[in-house]
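Trainee: Contents are TSV, N, CA and C atoms; file name query-v6.tsv:
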chain	number	residue	atom	x	y	z
A	11	MET	N	25.84	13.18	-15.08
A	11	MET	CA	26.84	12.91	-14.09
A	11	MET	C	27.95	12.05	-14.71
A	12	ALA	N	27.57	11.09	-15.55
A	12	ALA	CA	28.56	10.24	-16.20
A	12	ALA	C	29.48	11.05	-17.08
A	13	LEU	N	28.93	12.06	-17.77
A	13	LEU	CA	29.77	12.90	-18.63
A	13	LEU	C	30.71	13.77	-17.82
A	14	ALA	N	30.22	14.31	-16.73
A	14	ALA	CA	31.04	15.19	-15.90
A	14	ALA	C	32.17	14.44	-15.21
A	15	THR	N	31.92	13.19	-14.82
A	15	THR	CA	32.93	12.43	-14.06
A	15	THR	C	33.72	11.45	-14.91
A	16	GLY	N	33.17	11.08	-16.07
A	16	GLY	CA	33.83	10.07	-16.90
A	16	GLY	C	33.54	8.66	-16.44
A	17	ALA	N	32.67	8.50	-15.46
A	17	ALA	CA	32.32	7.17	-14.94
A	17	ALA	C	31.45	6.42	-15.95
A	18	PRO	N	31.64	5.11	-16.04
A	18	PRO	CA	30.77	4.33	-16.93
A	18	PRO	C	29.37	4.21	-16.32
A	19	VAL	N	28.40	3.95	-17.16
A	19	VAL	CA	27.02	3.74	-16.71
A	19	VAL	C	26.74	2.24	-16.82
A	20	ILE	N	26.26	1.66	-15.74
A	20	ILE	CA	25.95	0.24	-15.73
A	20	ILE	C	24.44	0.08	-15.75
A	21	PRO	N	23.90	-0.39	-16.88
A	21	PRO	CA	22.43	-0.56	-16.96
A	21	PRO	C	21.97	-1.73	-16.10
A	22	VAL	N	20.89	-1.52	-15.37
A	22	VAL	CA	20.32	-2.55	-14.50
A	22	VAL	C	18.82	-2.60	-14.75
A	23	ALA	N	18.30	-3.80	-14.91
A	23	ALA	CA	16.86	-3.96	-15.14
A	23	ALA	C	16.27	-4.89	-14.09
A	24	MET	N	15.14	-4.50	-13.55
A	24	MET	CA	14.38	-5.37	-12.66
A	24	MET	C	13.37	-6.11	-13.52
A	25	ILE	N	13.25	-7.40	-13.29
A	25	ILE	CA	12.29	-8.20	-14.05
A	25	ILE	C	11.30	-8.85	-13.11
A	26	ASP	N	10.19	-9.28	-13.66
A	26	ASP	CA	9.10	-9.93	-12.91
A	26	ASP	C	8.36	-8.99	-11.97
A	27	THR	N	8.52	-7.67	-12.14
A	27	THR	CA	7.82	-6.74	-11.26
A	27	THR	C	6.31	-6.82	-11.48
A	28	GLU	N	5.89	-7.18	-12.70
A	28	GLU	CA	4.45	-7.29	-12.97
A	28	GLU	C	3.84	-8.47	-12.23
A	29	LYS	N	4.67	-9.44	-11.81
A	29	LYS	CA	4.18	-10.57	-11.01
A	29	LYS	C	4.07	-10.17	-9.54
A	30	ILE	N	4.95	-9.28	-9.11
A	30	ILE	CA	4.93	-8.83	-7.72
A	30	ILE	C	3.72	-7.95	-7.45
A	31	GLN	N	3.48	-7.00	-8.34
A	31	GLN	CA	2.31	-6.14	-8.19
A	31	GLN	C	1.70	-5.90	-9.56
A	32	PRO	N	0.76	-6.78	-9.95
A	32	PRO	CA	0.11	-6.62	-11.25
A	32	PRO	C	-0.63	-5.29	-11.33
A	33	PRO	N	-0.73	-4.74	-12.52
A	33	PRO	CA	-1.46	-3.47	-12.68
A	33	PRO	C	-2.87	-3.57	-12.10
A	34	GLY	N	-3.26	-2.58	-11.33
A	34	GLY	CA	-4.59	-2.53	-10.75
A	34	GLY	C	-4.70	-3.19	-9.39
A	35	LYS	N	-3.69	-3.93	-8.98
A	35	LYS	CA	-3.72	-4.58	-7.66
A	35	LYS	C	-3.18	-3.63	-6.62
A	36	VAL	N	-3.78	-3.63	-5.43
A	36	VAL	CA	-3.37	-2.74	-4.36
A	36	VAL	C	-2.24	-3.36	-3.54
A	37	LEU	N	-2.37	-4.62	-3.23
A	37	LEU	CA	-1.38	-5.29	-2.39
A	37	LEU	C	-0.44	-6.13	-3.23
A	38	PRO	N	0.87	-5.97	-3.01
A	38	PRO	CA	1.83	-6.77	-3.77
A	38	PRO	C	1.98	-8.18	-3.20
A	39	LYS	N	2.47	-9.09	-4.04
A	39	LYS	CA	2.84	-10.43	-3.57
A	39	LYS	C	4.23	-10.31	-2.96
A	40	ILE	N	4.48	-11.10	-1.95
A	40	ILE	CA	5.79	-11.08	-1.30
A	40	ILE	C	6.71	-12.02	-2.08
A	41	MET	N	7.59	-11.45	-2.86
A	41	MET	CA	8.60	-12.21	-3.60
A	41	MET	C	9.69	-11.26	-4.07
A	42	ARG	N	10.80	-11.78	-4.46
A	42	ARG	CA	11.91	-10.95	-4.92
A	42	ARG	C	11.85	-10.76	-6.43
A	43	PRO	N	12.10	-9.54	-6.88
A	43	PRO	CA	12.17	-9.35	-8.34
A	43	PRO	C	13.50	-9.89	-8.85
A	44	GLY	N	13.52	-10.21	-10.13
A	44	GLY	CA	14.78	-10.60	-10.76
A	44	GLY	C	15.55	-9.34	-11.14
A	45	ILE	N	16.86	-9.46	-11.21
A	45	ILE	CA	17.70	-8.32	-11.58
A	45	ILE	C	18.69	-8.79	-12.65
A	46	ARG	N	18.80	-8.00	-13.70
A	46	ARG	CA	19.78	-8.27	-14.75
A	46	ARG	C	20.69	-7.06	-14.86
A	47	ILE	N	21.99	-7.33	-14.88
A	47	ILE	CA	22.98	-6.26	-14.94
A	47	ILE	C	23.70	-6.35	-16.27
A	48	GLY	N	23.73	-5.21	-16.97
A	48	GLY	CA	24.36	-5.18	-18.28
A	48	GLY	C	25.82	-4.78	-18.23
A	49	LYS	N	26.44	-4.76	-19.39
A	49	LYS	CA	27.83	-4.35	-19.50
A	49	LYS	C	27.93	-2.83	-19.33
A	50	PRO	N	29.02	-2.36	-18.75
A	50	PRO	CA	29.19	-0.90	-18.57
A	50	PRO	C	29.18	-0.17	-19.91
A	51	LEU	N	28.54	0.98	-19.92
A	51	LEU	CA	28.47	1.82	-21.12
A	51	LEU	C	29.45	2.97	-20.95
A	52	ASP	N	30.29	3.15	-21.95
A	52	ASP	CA	31.30	4.21	-21.91
A	52	ASP	C	30.84	5.38	-22.77
A	53	PHE	N	30.73	6.54	-22.16
A	53	PHE	CA	30.30	7.73	-22.89
A	53	PHE	C	31.42	8.77	-22.98
A	54	SER	N	32.66	8.32	-22.90
A	54	SER	CA	33.79	9.25	-22.97
A	54	SER	C	33.84	9.99	-24.31
A	55	ARG	N	33.24	9.42	-25.33
A	55	ARG	CA	33.22	10.09	-26.64
A	55	ARG	C	32.43	11.40	-26.60
A	56	TYR	N	31.60	11.58	-25.58
A	56	TYR	CA	30.81	12.81	-25.44
A	56	TYR	C	31.40	13.77	-24.40
A	57	GLN	N	32.62	13.48	-23.93
A	57	GLN	CA	33.24	14.30	-22.89
A	57	GLN	C	33.22	15.78	-23.30
A	58	GLY	N	32.81	16.63	-22.37
A	58	GLY	CA	32.77	18.07	-22.62
A	58	GLY	C	31.47	18.54	-23.25
A	59	MET	N	30.57	17.64	-23.54
A	59	MET	CA	29.29	18.01	-24.18
A	59	MET	C	28.12	17.85	-23.22
A	60	GLU	N	28.38	17.90	-21.91
A	60	GLU	CA	27.31	17.63	-20.94
A	60	GLU	C	26.22	18.69	-20.89
A	61	HIS	N	26.40	19.80	-21.59
A	61	HIS	CA	25.37	20.85	-21.61
A	61	HIS	C	24.55	20.85	-22.90
A	62	ASP	N	24.85	19.93	-23.79
A	62	ASP	CA	24.13	19.83	-25.06
A	62	ASP	C	22.92	18.90	-24.86
A	63	ARG	N	21.73	19.44	-24.96
A	63	ARG	CA	20.53	18.64	-24.66
A	63	ARG	C	20.35	17.49	-25.65
A	64	PHE	N	20.84	17.63	-26.88
A	64	PHE	CA	20.72	16.55	-27.85
A	64	PHE	C	21.66	15.40	-27.50
A	65	VAL	N	22.82	15.72	-26.99
A	65	VAL	CA	23.77	14.69	-26.53
A	65	VAL	C	23.17	13.98	-25.31
A	66	LEU	N	22.62	14.75	-24.38
A	66	LEU	CA	22.01	14.15	-23.19
A	66	LEU	C	20.86	13.23	-23.57
A	67	ARG	N	20.09	13.65	-24.55
A	67	ARG	CA	18.97	12.80	-25.01
A	67	ARG	C	19.48	11.52	-25.65
A	68	ALA	N	20.56	11.63	-26.44
A	68	ALA	CA	21.14	10.45	-27.08
A	68	ALA	C	21.66	9.47	-26.02
A	69	LEU	N	22.30	10.00	-24.98
A	69	LEU	CA	22.79	9.15	-23.90
A	69	LEU	C	21.63	8.45	-23.19
A	70	THR	N	20.60	9.22	-22.89
A	70	THR	CA	19.41	8.66	-22.22
A	70	THR	C	18.81	7.55	-23.06
A	71	ASP	N	18.68	7.79	-24.36
A	71	ASP	CA	18.11	6.77	-25.24
A	71	ASP	C	18.98	5.52	-25.28
A	72	GLU	N	20.28	5.70	-25.30
A	72	GLU	CA	21.19	4.55	-25.33
A	72	GLU	C	21.07	3.72	-24.05
A	73	VAL	N	21.02	4.40	-22.90
A	73	VAL	CA	20.87	3.68	-21.62
A	73	VAL	C	19.52	2.97	-21.58
A	74	MET	N	18.46	3.67	-21.98
A	74	MET	CA	17.12	3.07	-21.95
A	74	MET	C	17.02	1.88	-22.90
A	75	TYR	N	17.69	1.96	-24.04
A	75	TYR	CA	17.67	0.85	-24.99
A	75	TYR	C	18.33	-0.39	-24.37
A	76	GLU	N	19.45	-0.18	-23.67
A	76	GLU	CA	20.13	-1.30	-23.01
A	76	GLU	C	19.25	-1.90	-21.92
A	77	ILE	N	18.58	-1.05	-21.15
A	77	ILE	CA	17.67	-1.55	-20.11
A	77	ILE	C	16.52	-2.30	-20.75
A	78	MET	N	16.01	-1.80	-21.87
A	78	MET	CA	14.94	-2.49	-22.59
A	78	MET	C	15.39	-3.89	-23.00
A	79	LYS	N	16.59	-4.00	-23.54
A	79	LYS	CA	17.10	-5.32	-23.94
A	79	LYS	C	17.24	-6.25	-22.74
A	80	LEU	N	17.71	-5.72	-21.62
A	80	LEU	CA	17.87	-6.54	-20.42
A	80	LEU	C	16.54	-7.00	-19.85
A	81	SER	N	15.55	-6.11	-19.86
A	81	SER	CA	14.27	-6.40	-19.21
A	81	SER	C	13.30	-7.16	-20.11
A	82	GLY	N	13.49	-7.03	-21.43
A	82	GLY	CA	12.54	-7.65	-22.35
A	82	GLY	C	11.26	-6.85	-22.48
A	83	GLN	N	11.23	-5.66	-21.89
A	83	GLN	CA	10.04	-4.81	-21.98
A	83	GLN	C	10.20	-3.79	-23.09
A	84	GLU	N	9.08	-3.25	-23.51
A	84	GLU	CA	9.07	-2.23	-24.56
A	84	GLU	C	9.45	-0.88	-23.96
A	85	TYR	N	10.26	-0.12	-24.69
A	85	TYR	CA	10.62	1.23	-24.25
A	85	TYR	C	9.52	2.18	-24.67
A	86	VAL	N	8.94	2.86	-23.71
A	86	VAL	CA	7.88	3.83	-23.97
A	86	VAL	C	8.46	5.20	-23.71
A	87	ASP	N	8.45	6.04	-24.72
A	87	ASP	CA	9.14	7.33	-24.65
A	87	ASP	C	8.27	8.43	-24.04
A	88	ILE	N	7.65	8.13	-22.88
A	88	ILE	CA	6.91	9.14	-22.14
A	88	ILE	C	7.15	8.90	-20.66
A	89	TYR	N	6.95	9.94	-19.87
A	89	TYR	CA	7.11	9.80	-18.42
A	89	TYR	C	5.94	9.02	-17.85
A	90	ALA	N	6.17	8.36	-16.73
A	90	ALA	CA	5.13	7.54	-16.10
A	90	ALA	C	3.90	8.37	-15.75
A	91	THR	N	4.10	9.60	-15.28
A	91	THR	CA	2.95	10.42	-14.93
A	91	THR	C	2.09	10.71	-16.15
A	92	ALA	N	2.72	10.92	-17.30
A	92	ALA	CA	1.96	11.16	-18.53
A	92	ALA	C	1.23	9.89	-18.95
A	93	ALA	N	1.89	8.75	-18.82
A	93	ALA	CA	1.25	7.47	-19.17
A	93	ALA	C	0.06	7.21	-18.26
A	94	LYS	N	0.23	7.47	-16.97
A	94	LYS	CA	-0.88	7.27	-16.02
A	94	LYS	C	-2.03	8.21	-16.34
A	95	ARG	N	-1.70	9.44	-16.72
A	95	ARG	CA	-2.75	10.41	-17.09
A	95	ARG	C	-3.50	9.92	-18.32
A	96	GLN	N	-2.78	9.38	-19.31
A	96	GLN	CA	-3.44	8.86	-20.51
A	96	GLN	C	-4.37	7.70	-20.16
A	97	ILE	N	-3.91	6.82	-19.28
A	97	ILE	CA	-4.72	5.68	-18.86
A	97	ILE	C	-5.97	6.16	-18.12
A	98	ALA	N	-5.79	7.14	-17.23
A	98	ALA	CA	-6.92	7.68	-16.47
A	98	ALA	C	-7.91	8.37	-17.39
A	99	ASP	N	-7.40	9.14	-18.37
A	99	ASP	CA	-8.27	9.82	-19.32
A	99	ASP	C	-9.07	8.81	-20.15
A	100	ALA	N	-8.40	7.74	-20.57
A	100	ALA	CA	-9.09	6.70	-21.35
A	100	ALA	C	-10.16	6.01	-20.51
A	101	ALA	N	-9.84	5.74	-19.25
A	101	ALA	CA	-10.81	5.11	-18.36
A	101	ALA	C	-12.00	6.04	-18.12
A	102	LYS	N	-11.73	7.33	-17.95
A	102	LYS	CA	-12.80	8.31	-17.74
A	102	LYS	C	-13.70	8.39	-18.99
A	103	ALA	N	-13.09	8.41	-20.17
A	103	ALA	CA	-13.86	8.47	-21.41
A	103	ALA	C	-14.71	7.21	-21.57
A	104	GLU	N	-14.14	6.05	-21.21
A	104	GLU	CA	-14.89	4.80	-21.31
A	104	GLU	C	-16.06	4.81	-20.34
A	105	LYS	N	-15.82	5.32	-19.13
A	105	LYS	CA	-16.88	5.40	-18.12
A	105	LYS	C	-18.00	6.32	-18.59
A	106	GLU	N	-17.63	7.46	-19.18
A	106	GLU	CA	-18.63	8.40	-19.69
A	106	GLU	C	-19.41	7.79	-20.85
A	107	ALA	N	-18.72	7.04	-21.72
A	107	ALA	CA	-19.40	6.38	-22.83
A	107	ALA	C	-20.37	5.32	-22.32
A	108	ASP	N	-19.94	4.57	-21.28
A	108	ASP	CA	-20.83	3.57	-20.68
A	108	ASP	C	-22.06	4.23	-20.06
A	109	LYS	N	-21.82	5.37	-19.41
A	109	LYS	CA	-22.92	6.11	-18.78
A	109	LYS	C	-23.90	6.61	-19.84
A	110	ALA	N	-23.38	7.14	-20.95
A	110	ALA	CA	-24.23	7.63	-22.03
A	110	ALA	C	-24.99	6.47	-22.67
A	111	ASP	N	-24.33	5.33	-22.83
A	111	ASP	CA	-24.98	4.15	-23.41
A	111	ASP	C	-26.10	3.66	-22.50
A	112	LYS	N	-25.84	3.65	-21.20
A	112	LYS	CA	-26.85	3.23	-20.23
A	112	LYS	C	-28.05	4.18	-20.27
A	113	ALA	N	-27.79	5.49	-20.36
A	113	ALA	CA	-28.87	6.48	-20.43
A	113	ALA	C	-29.68	6.30	-21.70
A	114	ALA	N	-29.00	6.02	-22.81
A	114	ALA	CA	-29.71	5.81	-24.08
A	114	ALA	C	-30.58	4.56	-24.01
A	115	ARG	N	-30.06	3.49	-23.40
A	115	ARG	CA	-30.86	2.27	-23.27
A	115	ARG	C	-32.06	2.50	-22.36
A	116	ALA	N	-31.87	3.27	-21.29
A	116	ALA	CA	-32.97	3.58	-20.38
A	116	ALA	C	-34.04	4.42	-21.09
A	117	ALA	N	-33.61	5.39	-21.90
A	117	ALA	CA	-34.55	6.22	-22.65
A	117	ALA	C	-35.33	5.37	-23.66
A	118	LEU	N	-34.65	4.45	-24.31
A	118	LEU	CA	-35.32	3.57	-25.28
A	118	LEU	C	-36.33	2.68	-24.58
A	119	ALA	N	-35.94	2.13	-23.43
A	119	ALA	CA	-36.86	1.27	-22.68
A	119	ALA	C	-38.08	2.06	-22.23
A	120	LYS	N	-37.88	3.32	-21.79
A	120	LYS	CA	-38.99	4.16	-21.36
A	120	LYS	C	-39.92	4.45	-22.53
A	121	ALA	N	-39.33	4.75	-23.69
A	121	ALA	CA	-40.14	5.03	-24.88
A	121	ALA	C	-40.96	3.80	-25.26
A	122	GLU	N	-40.36	2.61	-25.15
A	122	GLU	CA	-41.10	1.37	-25.46
A	122	GLU	C	-42.22	1.14	-24.46
A	123	ARG	N	-41.97	1.42	-23.17
A	123	ARG	CA	-43.02	1.27	-22.15
A	123	ARG	C	-44.15	2.26	-22.39
A	124	ASP	N	-43.79	3.51	-22.71
A	124	ASP	CA	-44.80	4.54	-22.98
A	124	ASP	C	-45.65	4.15	-24.18
A	125	GLN	N	-44.99	3.63	-25.22
A	125	GLN	CA	-45.72	3.22	-26.43
A	125	GLN	C	-46.67	2.07	-26.11
A	126	ALA	N	-46.19	1.11	-25.32
A	126	ALA	CA	-47.03	-0.03	-24.94
A	126	ALA	C	-48.22	0.44	-24.10
A	127	ALA	N	-47.97	1.38	-23.19
A	127	ALA	CA	-49.05	1.91	-22.35
A	127	ALA	C	-50.05	2.66	-23.20
A	128	LYS	N	-49.58	3.41	-24.19
A	128	LYS	CA	-50.48	4.16	-25.08
A	128	LYS	C	-51.33	3.20	-25.89
A	129	GLU	N	-50.72	2.15	-26.41
A	129	GLU	CA	-51.47	1.16	-27.18
A	129	GLU	C	-52.49	0.45	-26.30
A	130	GLN	N	-52.11	0.17	-25.06
A	130	GLN	CA	-53.04	-0.49	-24.13
A	130	GLN	C	-54.21	0.44	-23.81
A	131	ALA	N	-53.90	1.74	-23.62
A	131	ALA	CA	-54.96	2.70	-23.34
A	131	ALA	C	-55.90	2.83	-24.53
A	132	GLU	N	-55.36	2.87	-25.74
A	132	GLU	CA	-56.20	2.96	-26.94
A	132	GLU	C	-57.06	1.72	-27.09
A	133	LYS	N	-56.51	0.56	-26.76
A	133	LYS	CA	-57.25	-0.69	-26.87
A	133	LYS	C	-58.40	-0.73	-25.87
A	134	SER	N	-58.10	-0.30	-24.63
A	134	SER	CA	-59.16	-0.32	-23.63
A	134	SER	C	-60.22	0.74	-23.92
A	135	THR	N	-59.83	1.89	-24.50
A	135	THR	CA	-60.79	2.92	-24.88
A	135	THR	C	-61.66	2.41	-26.02
A	136	GLY	N	-61.04	1.71	-26.94
A	136	GLY	CA	-61.80	1.14	-28.07
A	136	GLY	C	-62.77	0.09	-27.61
A	137	ASP	N	-62.48	-0.69	-26.58
A	137	ASP	CA	-63.37	-1.72	-26.04
A	137	ASP	C	-64.60	-1.06	-25.40
A	138	ARG	N	-64.40	0.10	-24.75
A	138	ARG	CA	-65.52	0.79	-24.10
A	138	ARG	C	-66.45	1.42	-25.13
A	139	ASP	N	-65.92	1.87	-26.24
A	139	ASP	CA	-66.71	2.54	-27.26
A	139	ASP	C	-67.52	1.56	-28.10
A	140	ARG	N	-67.15	0.29	-28.09
A	140	ARG	CA	-67.83	-0.70	-28.90
A	140	ARG	C	-69.16	-1.08	-28.21
A	141	PRO	N	-70.24	-1.18	-29.01
A	141	PRO	CA	-71.53	-1.54	-28.40
A	141	PRO	C	-71.52	-2.99	-27.90
A	142	ALA	N	-72.24	-3.20	-26.80
A	142	ALA	CA	-72.33	-4.55	-26.23
A	142	ALA	C	-73.26	-5.37	-27.09
A	143	SER	N	-72.96	-6.67	-27.24
A	143	SER	CA	-73.82	-7.51	-28.07
A	143	SER	C	-74.80	-8.28	-27.27
In structure tokens, write the structure found in this file.
Mentor:
Amino acid sequence: MALATGAPVIPVAMIDTEKIQPPGKVLPKIMRPGIRIGKPLDFSRYQGMEHDRFVLRALTDEVMYEIMKLSGQEYVDIYATAAKRQIADAAKAEKEADKADKAARAALAKAERDQAAKEQAEKSTGDRDRPAS
């Protein structure tokens, strides 16, 4: 839109959002986020190139870089839905690994109990076979 109209782009960053609703929390805290407004970005040098996907990507990166500087946050070059999917996949894999670890510990404990029971049975059988004095 900025290329088609020639309007400058004004980068704006919200800060302290992680304090309002920390990751994993359902209910937000009631407070106002901070806002930082950057200097207008002029993209007139790209006028007439609004259909070039490489130009559009360069513009997007420039705007995101300015927002990153304003917010102090790291620029992550993936969509939020993809990031959330990666987090969910990692959590699922961790849960499955925990489940497998728990099953392995349970199997080991059962094997130890079975071995102890077998040794106890052999001991009691051996006591019966021994002649009384």
Trainee: Quick one: residues within 6 Å of (27.2, 7.0, -20.6) (file frame), counting only N, CA and C atoms, please, as a PDB file with N, CA and C atoms, keeping the file's coordinate frame.
Mentor:
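Written out: point28.pdb:
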ATOM      1  N   ALA A  12      27.570  11.090 -15.550  1.00  0.00           N
ATOM      2  CA  ALA A  12      28.560  10.240 -16.200  1.00  0.00           C
ATOM      3  C   ALA A  12      29.480  11.050 -17.080  1.00  0.00           C
ATOM      4  N   PRO A  18      31.640   5.110 -16.040  1.00  0.00           N
ATOM      5  CA  PRO A  18      30.770   4.330 -16.930  1.00  0.00           C
ATOM      6  C   PRO A  18      29.370   4.210 -16.320  1.00  0.00           C
ATOM      7  N   VAL A  19      28.400   3.950 -17.160  1.00  0.00           N
ATOM      8  CA  VAL A  19      27.020   3.740 -16.710  1.00  0.00           C
ATOM      9  C   VAL A  19      26.740   2.240 -16.820  1.00  0.00           C
ATOM     10  N   LEU A  51      28.540   0.980 -19.920  1.00  0.00           N
ATOM     11  CA  LEU A  51      28.470   1.820 -21.120  1.00  0.00           C
ATOM     12  C   LEU A  51      29.450   2.970 -20.950  1.00  0.00           C
ATOM     13  N   ASP A  52      30.290   3.150 -21.950  1.00  0.00           N
ATOM     14  CA  ASP A  52      31.300   4.210 -21.910  1.00  0.00           C
ATOM     15  C   ASP A  52      30.840   5.380 -22.770  1.00  0.00           C
ATOM     16  N   PHE A  53      30.730   6.540 -22.160  1.00  0.00           N
ATOM     17  CA  PHE A  53      30.300   7.730 -22.890  1.00  0.00           C
ATOM     18  C   PHE A  53      31.420   8.770 -22.980  1.00  0.00           C
ATOM     19  N   LEU A  69      22.300  10.000 -24.980  1.00  0.00           N
ATOM     20  CA  LEU A  69      22.790   9.150 -23.900  1.00  0.00           C
ATOM     21  C   LEU A  69      21.630   8.450 -23.190  1.00  0.00           C
TER      22      LEU A  69
END
Trainee: Could you find all residues in stretch 41-83 of chain A that DSSP calls alpha helix (DSSP H) from the backbone, and write them as a list in words?
Mentor: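 These are the residues in question: Arg63, Phe64, Val65, Leu66, Arg67, Ala68, Leu69, Thr70, Asp71, Glu72, Val73, Met74, Tyr75, Glu76, Ile77, Met78, Lys79, Leu80 and Ser81 of chain A.
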Trainee: Which residue gives the smallest distance to A:Met24 among A:His61, A:Ser54, A:Ala98, A:Ser81, with all atoms listed in the file counted?
Mentor: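 Of all the options, A:Ser81 lies closest to A:Met24.
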Trainee: What is the distance between atom N of A:Gly48 and atom CA of A:Val86, in Å to one decimal?
Mentor: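 Going from atom N of A:Gly48 over to atom CA of A:Val86 covers 19.5 Å.
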Trainee: Using atom CA of A:Thr70 and atom CA of A:Glu84 as the two end points, give the distance in Å to one decimal.
Mentor: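 If I compute the distance from atom CA of A:Thr70 to atom CA of A:Glu84, I get 15.2 Å.
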